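What follows is a short report on a single structure.
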Amino acid sequence: MTAVLATATLLLTAGCSSDDGETPGANGSAAPSRTAAQSPPARSPATETPPAKGSVKVVRTVATGLNSPWGLAPLPDGGLLVSSRDEGTITRVDERTGKKTELGEVPGVSPAGEGGLLGIALSPDFASDHMVYAYFTSASDNRIVRMLYDAKKPSGEQLGAPDTIFKGIPKGVIHNGGRIAFGPDKMLYAGTGESGDRELSQDRDSLGGKILRLTPEGEPAPGNPFPDSPVYSYGHRNVQGLAWDAEQRLFASEFGQHTWDELNAIKPGDNYGWPEAEGRSGGDGFHDPLAQWGTAEASPSGIAHAEGSVWMAGLRGERLWRIPLKGTEAAADPQAFLEGEYGRLRTVVAAGGDKLWLTTSNTDGRGDAKEADDRILELKVT
């Protein structure tokens, strides 16, 4: 415990912000800014640019009484799987009634600081293999496992023994990354953090501060930009959100330190600048973000793509951002919704068409005492 406290004190003294950007600089409340992404792929003529202004309607509260929810995965036949960072459990929520059924506890999770049971994802062949993937912090590292989900077994016993497919991702009190998602290519993508050691982000031999691309078995995916490496992009600080648009282009959100949080269009092999650059720098060799925010307004976590826009959940910012897209550039200024209405927002997931699932994050140790409950919301967006 003494070592953990000493590490945390050292990081704070060094001015390194936590997962909700608690150390904004002079520009911490600056207005959102659009910047151009480098080398956008060709845009399909059939792609329609969304309107500059959109809307958000909270249709209903799906479930309440959640504890430190982090990952969210909709099941193909109905229901939502949600991970608890601090309890190390995965729970199924009936999206019609809100009933919660615990699948079980994931063995080996060691929650502390920003670490614990983080992102979850379903196998691209879930209908036949029933495998659930999870990214979590262990006693020694961050790792990815997969487990068989058997809904016919009793509550608490529905998860099979974890099979570790990838390990060795640096862990820390802060910046553990944690978002995982299968892409349109059926490869597994993972956003990692630099665990407070900023130099790891530029080291292509390190797994920290990267987006990784893996096969479902945990091997470096074919076609990765660096030979025999799982690294897909680098120069990240703490990647928290991953989503693809209708043209199969990847976008990612990440925390800044003092000045700028970022939404990036991801190009394989590109360097996103940290720690040499935070936000748009125009520096040679660095891929600038397509949008950036002062850290007091965002501290972004999960993202989703729907209705031609990226939707980005904000922790410290306590709002949902809409970023309309034109290819890999922002088509208009980002627009904020739900500001302060539900507290900290952690994960947003596309629910088909104009619907989104959204989770709050008020029981993660940084929420306001008046928001002592976490919930899943259903949204309708344009």
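Letters for chains follow the order of the structure tokens (A, B, ...), residue numbers begin at 1 for each chain, and ligand numbers begin at 1 in the order shown.
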Within range 54-228 of chain A, find each residue whose DSSP state, derived from the backbone, is strand (DSSP E or B), and express the selection as a PyMOL selection string.
chain A and resi 56-66+69-74+80-84+89-93+100-105+112+115+117-122+131-137+142-149+159+163-169+180-182+188-191+193+211-214+220
Identify all residues of range 7-216 of chain A in alpha helix (DSSP H) (DSSP on the backbone) and supply them as a list in words.
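So, restricting range 7-216 of chain A to alpha helix (DSSP H), we get Thr7, Ala8, Thr9, Leu10, Leu11, Leu12, Thr13, Phe126, Ala127, Ser128 and Asp129 of chain A.
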Go ahead and save the residues from that selection, with N, CA and C atoms, as a short mmCIF file (atom, residue, chain, number, x, y, z; two decimals), in the first residue's frame.
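out.cif was written with the following content:
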```cif
data_model
loop_
_atom_site.label_atom_id
_atom_site.label_comp_id
_atom_site.auth_asym_id
_atom_site.auth_seq_id
_atom_site.Cartn_x
_atom_site.Cartn_y
_atom_site.Cartn_z
N THR A 7 3.89 5.87 -5.37
CA THR A 7 3.88 5.98 -6.83
C THR A 7 2.87 7.00 -7.29
N ALA A 8 1.67 6.95 -6.69
CA ALA A 8 0.63 7.90 -7.07
C ALA A 8 1.08 9.33 -6.76
N THR A 9 1.70 9.53 -5.59
CA THR A 9 2.15 10.87 -5.21
C THR A 9 3.20 11.37 -6.19
N LEU A 10 4.14 10.50 -6.58
CA LEU A 10 5.17 10.88 -7.52
C LEU A 10 4.58 11.31 -8.85
N LEU A 11 3.57 10.55 -9.35
CA LEU A 11 2.97 10.87 -10.62
C LEU A 11 2.23 12.20 -10.58
N LEU A 12 1.51 12.44 -9.48
CA LEU A 12 0.79 13.69 -9.36
C LEU A 12 1.74 14.86 -9.24
N THR A 13 2.84 14.66 -8.50
CA THR A 13 3.82 15.71 -8.35
C THR A 13 4.43 16.06 -9.70
N PHE A 126 -19.15 -15.47 -32.20
CA PHE A 126 -19.82 -15.73 -30.93
C PHE A 126 -20.99 -16.68 -31.07
N ALA A 127 -21.71 -16.60 -32.18
CA ALA A 127 -22.89 -17.46 -32.36
C ALA A 127 -22.52 -18.94 -32.28
N SER A 128 -21.28 -19.27 -32.66
CA SER A 128 -20.87 -20.68 -32.63
C SER A 128 -19.91 -21.01 -31.50
N ASP A 129 -19.04 -20.03 -31.11
CA ASP A 129 -18.04 -20.38 -30.09
C ASP A 129 -18.36 -19.83 -28.69
#
```
Would you give me, as a Markdown table, each residue of range 60-125 of chain A having an atom within 7 Å of an atom of range 133-152 of chain A, along with its shortest atom pair and that distance in Å to one decimal, using only C-alpha atoms and sorting by chain and residue number?
```
| residue | atom | partner | partner_atom | distance |
| --- | --- | --- | --- | --- |
| A:Gly108 | CA | A:Ser138 | CA | 5.7 |
| A:Val109 | CA | A:Ser138 | CA | 5.0 |
| A:Ser110 | CA | A:Ser138 | CA | 4.8 |
| A:Pro111 | CA | A:Thr137 | CA | 6.7 |
| A:Gly115 | CA | A:Thr137 | CA | 5.4 |
| A:Gly116 | CA | A:Thr137 | CA | 4.9 |
| A:Leu117 | CA | A:Phe136 | CA | 4.4 |
| A:Leu118 | CA | A:Phe136 | CA | 5.4 |
| A:Gly119 | CA | A:Tyr135 | CA | 5.3 |
| A:Ile120 | CA | A:Ala134 | CA | 4.4 |
| A:Ala121 | CA | A:Tyr133 | CA | 5.1 |
| A:Leu122 | CA | A:Tyr133 | CA | 6.0 |
| A:Ser123 | CA | A:Tyr133 | CA | 6.9 |
```
Residue nearest Ile211 in chain A among A:Asp163, A:Val173, A:Pro268, A:Phe182 (counting only C-alpha atoms):
A:Pro268
Pick the closest to Trp70 in chain A from A:Ala252, A:Ala306, A:Val82, A:Ala296: which is it, counting only C-alpha atoms?
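Nearest candidate to Trp70 in chain A out of A:Ala252, A:Ala306, A:Val82, A:Ala296: A:Val82.
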Among the residues A:Asn264, A:His305, A:Gly196, A:Arg366, the one that comes closest to Glu329 in chain A [using only C-alpha atoms]:
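Closest residue, counting only C-alpha atoms: A:Asn264.
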Residues near range 225-238 of chain A, cut-off 8 Å, only C-alpha atoms, skip fewer than 4 positions along chain, as a PDB file with N, CA and C atoms, in the first residue's frame:
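Done, and the output landed in out.pdb:
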```
ATOM      1  N   HIS A 175      -3.334   5.095 -16.419  1.00  0.00           N
ATOM      2  CA  HIS A 175      -3.076   4.872 -17.845  1.00  0.00           C
ATOM      3  C   HIS A 175      -2.863   3.398 -18.191  1.00  0.00           C
ATOM      4  N   ASN A 176      -3.903   2.614 -17.945  1.00  0.00           N
ATOM      5  CA  ASN A 176      -3.877   1.197 -18.296  1.00  0.00           C
ATOM      6  C   ASN A 176      -4.604   0.894 -19.615  1.00  0.00           C
ATOM      7  N   GLY A 177      -5.062   1.934 -20.308  1.00  0.00           N
ATOM      8  CA  GLY A 177      -5.812   1.678 -21.536  1.00  0.00           C
ATOM      9  C   GLY A 177      -7.028   0.832 -21.220  1.00  0.00           C
ATOM     10  N   GLY A 191      -6.631  -0.870 -27.154  1.00  0.00           N
ATOM     11  CA  GLY A 191      -6.018   0.411 -26.821  1.00  0.00           C
ATOM     12  C   GLY A 191      -5.278   0.293 -25.500  1.00  0.00           C
ATOM     13  N   THR A 192      -3.998   0.667 -25.478  1.00  0.00           N
ATOM     14  CA  THR A 192      -3.208   0.577 -24.258  1.00  0.00           C
ATOM     15  C   THR A 192      -2.767   1.957 -23.796  1.00  0.00           C
ATOM     16  N   GLY A 193      -2.341   2.040 -22.540  1.00  0.00           N
ATOM     17  CA  GLY A 193      -1.801   3.274 -21.994  1.00  0.00           C
ATOM     18  C   GLY A 193      -0.313   3.120 -21.714  1.00  0.00           C
ATOM     19  N   GLU A 194       0.344   4.250 -21.453  1.00  0.00           N
ATOM     20  CA  GLU A 194       1.784   4.187 -21.179  1.00  0.00           C
ATOM     21  C   GLU A 194       2.088   4.024 -19.696  1.00  0.00           C
ATOM     22  N   ARG A 198       5.919   7.917 -19.816  1.00  0.00           N
ATOM     23  CA  ARG A 198       5.630   8.513 -21.116  1.00  0.00           C
ATOM     24  C   ARG A 198       6.563   8.055 -22.231  1.00  0.00           C
ATOM     25  N   SER A 201       5.582   5.322 -25.050  1.00  0.00           N
ATOM     26  CA  SER A 201       4.709   5.582 -26.200  1.00  0.00           C
ATOM     27  C   SER A 201       5.469   5.628 -27.513  1.00  0.00           C
ATOM     28  N   GLN A 202       6.710   6.133 -27.488  1.00  0.00           N
ATOM     29  CA  GLN A 202       7.504   6.238 -28.707  1.00  0.00           C
ATOM     30  C   GLN A 202       8.373   5.009 -28.954  1.00  0.00           C
ATOM     31  N   ARG A 204       8.634   1.500 -30.079  1.00  0.00           N
ATOM     32  CA  ARG A 204       7.810   0.540 -30.810  1.00  0.00           C
ATOM     33  C   ARG A 204       7.996  -0.889 -30.318  1.00  0.00           C
ATOM     34  N   LEU A 207       4.697  -2.322 -25.496  1.00  0.00           N
ATOM     35  CA  LEU A 207       3.255  -2.449 -25.753  1.00  0.00           C
ATOM     36  C   LEU A 207       2.465  -1.288 -25.165  1.00  0.00           C
ATOM     37  N   GLY A 209       1.092   2.582 -24.605  1.00  0.00           N
ATOM     38  CA  GLY A 209       0.823   3.764 -25.417  1.00  0.00           C
ATOM     39  C   GLY A 209       0.622   3.429 -26.886  1.00  0.00           C
ATOM     40  N   LYS A 210      -0.106   2.350 -27.150  1.00  0.00           N
ATOM     41  CA  LYS A 210      -0.271   1.849 -28.514  1.00  0.00           C
ATOM     42  C   LYS A 210      -1.729   1.487 -28.797  1.00  0.00           C
ATOM     43  N   ILE A 211      -2.019   1.288 -30.071  1.00  0.00           N
ATOM     44  CA  ILE A 211      -3.160   0.483 -30.485  1.00  0.00           C
ATOM     45  C   ILE A 211      -2.572  -0.796 -31.053  1.00  0.00           C
ATOM     46  N   LEU A 212      -3.020  -1.932 -30.522  1.00  0.00           N
ATOM     47  CA  LEU A 212      -2.546  -3.237 -30.951  1.00  0.00           C
ATOM     48  C   LEU A 212      -3.580  -3.888 -31.848  1.00  0.00           C
ATOM     49  N   ARG A 213      -3.103  -4.699 -32.789  1.00  0.00           N
ATOM     50  CA  ARG A 213      -4.002  -5.445 -33.680  1.00  0.00           C
ATOM     51  C   ARG A 213      -3.558  -6.903 -33.646  1.00  0.00           C
ATOM     52  N   LEU A 214      -4.488  -7.760 -33.200  1.00  0.00           N
ATOM     53  CA  LEU A 214      -4.179  -9.162 -32.937  1.00  0.00           C
ATOM     54  C   LEU A 214      -5.160 -10.081 -33.658  1.00  0.00           C
ATOM     55  N   GLU A 219      -2.109 -13.521 -31.653  1.00  0.00           N
ATOM     56  CA  GLU A 219      -0.879 -13.333 -32.411  1.00  0.00           C
ATOM     57  C   GLU A 219      -0.920 -11.998 -33.165  1.00  0.00           C
ATOM     58  N   PRO A 220       0.268 -11.439 -33.529  1.00  0.00           N
ATOM     59  CA  PRO A 220       0.263 -10.242 -34.377  1.00  0.00           C
ATOM     60  C   PRO A 220      -0.546 -10.509 -35.641  1.00  0.00           C
ATOM     61  N   ALA A 221      -1.464  -9.622 -35.961  1.00  0.00           N
ATOM     62  CA  ALA A 221      -2.373  -9.862 -37.083  1.00  0.00           C
ATOM     63  C   ALA A 221      -1.655  -9.713 -38.420  1.00  0.00           C
ATOM     64  N   GLU A 254      -8.392   9.493 -26.808  1.00  0.00           N
ATOM     65  CA  GLU A 254      -7.372   9.331 -25.777  1.00  0.00           C
ATOM     66  C   GLU A 254      -7.247  10.588 -24.925  1.00  0.00           C
ATOM     67  N   PHE A 255      -6.767  10.347 -23.686  1.00  0.00           N
ATOM     68  CA  PHE A 255      -6.575  11.427 -22.730  1.00  0.00           C
ATOM     69  C   PHE A 255      -5.327  12.237 -23.056  1.00  0.00           C
ATOM     70  N   GLY A 256      -5.469  13.567 -22.964  1.00  0.00           N
ATOM     71  CA  GLY A 256      -4.303  14.422 -22.943  1.00  0.00           C
ATOM     72  C   GLY A 256      -3.815  14.590 -21.511  1.00  0.00           C
ATOM     73  N   ILE A 266      -7.259   6.763 -37.190  1.00  0.00           N
ATOM     74  CA  ILE A 266      -6.088   5.899 -37.069  1.00  0.00           C
ATOM     75  C   ILE A 266      -5.650   5.359 -38.425  1.00  0.00           C
ATOM     76  N   LYS A 267      -4.383   5.591 -38.718  1.00  0.00           N
ATOM     77  CA  LYS A 267      -3.750   5.072 -39.924  1.00  0.00           C
ATOM     78  C   LYS A 267      -2.643   4.121 -39.489  1.00  0.00           C
ATOM     79  N   PRO A 268      -2.631   2.897 -40.014  1.00  0.00           N
ATOM     80  CA  PRO A 268      -1.649   1.917 -39.548  1.00  0.00           C
ATOM     81  C   PRO A 268      -0.217   2.421 -39.704  1.00  0.00           C
ATOM     82  N   GLY A 269       0.559   2.239 -38.620  1.00  0.00           N
ATOM     83  CA  GLY A 269       1.956   2.614 -38.622  1.00  0.00           C
ATOM     84  C   GLY A 269       2.232   4.049 -38.255  1.00  0.00           C
ATOM     85  N   ASP A 270       1.192   4.870 -38.098  1.00  0.00           N
ATOM     86  CA  ASP A 270       1.422   6.291 -37.828  1.00  0.00           C
ATOM     87  C   ASP A 270       1.775   6.551 -36.365  1.00  0.00           C
ATOM     88  N   ASN A 271       2.470   7.667 -36.166  1.00  0.00           N
ATOM     89  CA  ASN A 271       2.915   8.136 -34.854  1.00  0.00           C
ATOM     90  C   ASN A 271       2.014   9.293 -34.433  1.00  0.00           C
ATOM     91  N   TYR A 272       1.330   9.150 -33.291  1.00  0.00           N
ATOM     92  CA  TYR A 272       0.370  10.159 -32.846  1.00  0.00           C
ATOM     93  C   TYR A 272       0.956  11.149 -31.829  1.00  0.00           C
ATOM     94  N   GLY A 273       2.267  11.111 -31.649  1.00  0.00           N
ATOM     95  CA  GLY A 273       2.967  12.249 -31.078  1.00  0.00           C
ATOM     96  C   GLY A 273       3.357  12.249 -29.627  1.00  0.00           C
ATOM     97  N   TRP A 274       2.621  11.547 -28.760  1.00  0.00           N
ATOM     98  CA  TRP A 274       2.920  11.637 -27.332  1.00  0.00           C
ATOM     99  C   TRP A 274       4.259  10.941 -27.032  1.00  0.00           C
ATOM    100  N   PRO A 275       5.125  11.551 -26.179  1.00  0.00           N
ATOM    101  CA  PRO A 275       4.931  12.776 -25.396  1.00  0.00           C
ATOM    102  C   PRO A 275       5.447  14.047 -26.066  1.00  0.00           C
TER     103      PRO A 275
END
```
Could you please determine the separation between CA of Gly78 in chain A and CA of Gly65 in chain A in Å, to one decimal place?
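Here the two named atoms are 20.0 Å from each other.
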I want to know what sits within 7 Å of range 358-365 of chain A, based on only C-alpha atoms, with residues of the same chain fewer than 4 positions away left out; could you give that as a count of residues only?
19
Residue with the minimum atom-to-atom distance to Ala52 in chain A, picked from A:Leu75, A:Leu325, A:Leu290, A:Ile165 with only C-alpha atoms counted, is A:Leu325
Let me make sure I understand: among A:Ile90, A:Ala277, A:Leu263, A:Val58, which one has the smallest atom-to-atom distance to Ser299 in chain A if we use only C-alpha atoms?
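Answer, going by the shortest atom-to-atom distance: A:Leu263.
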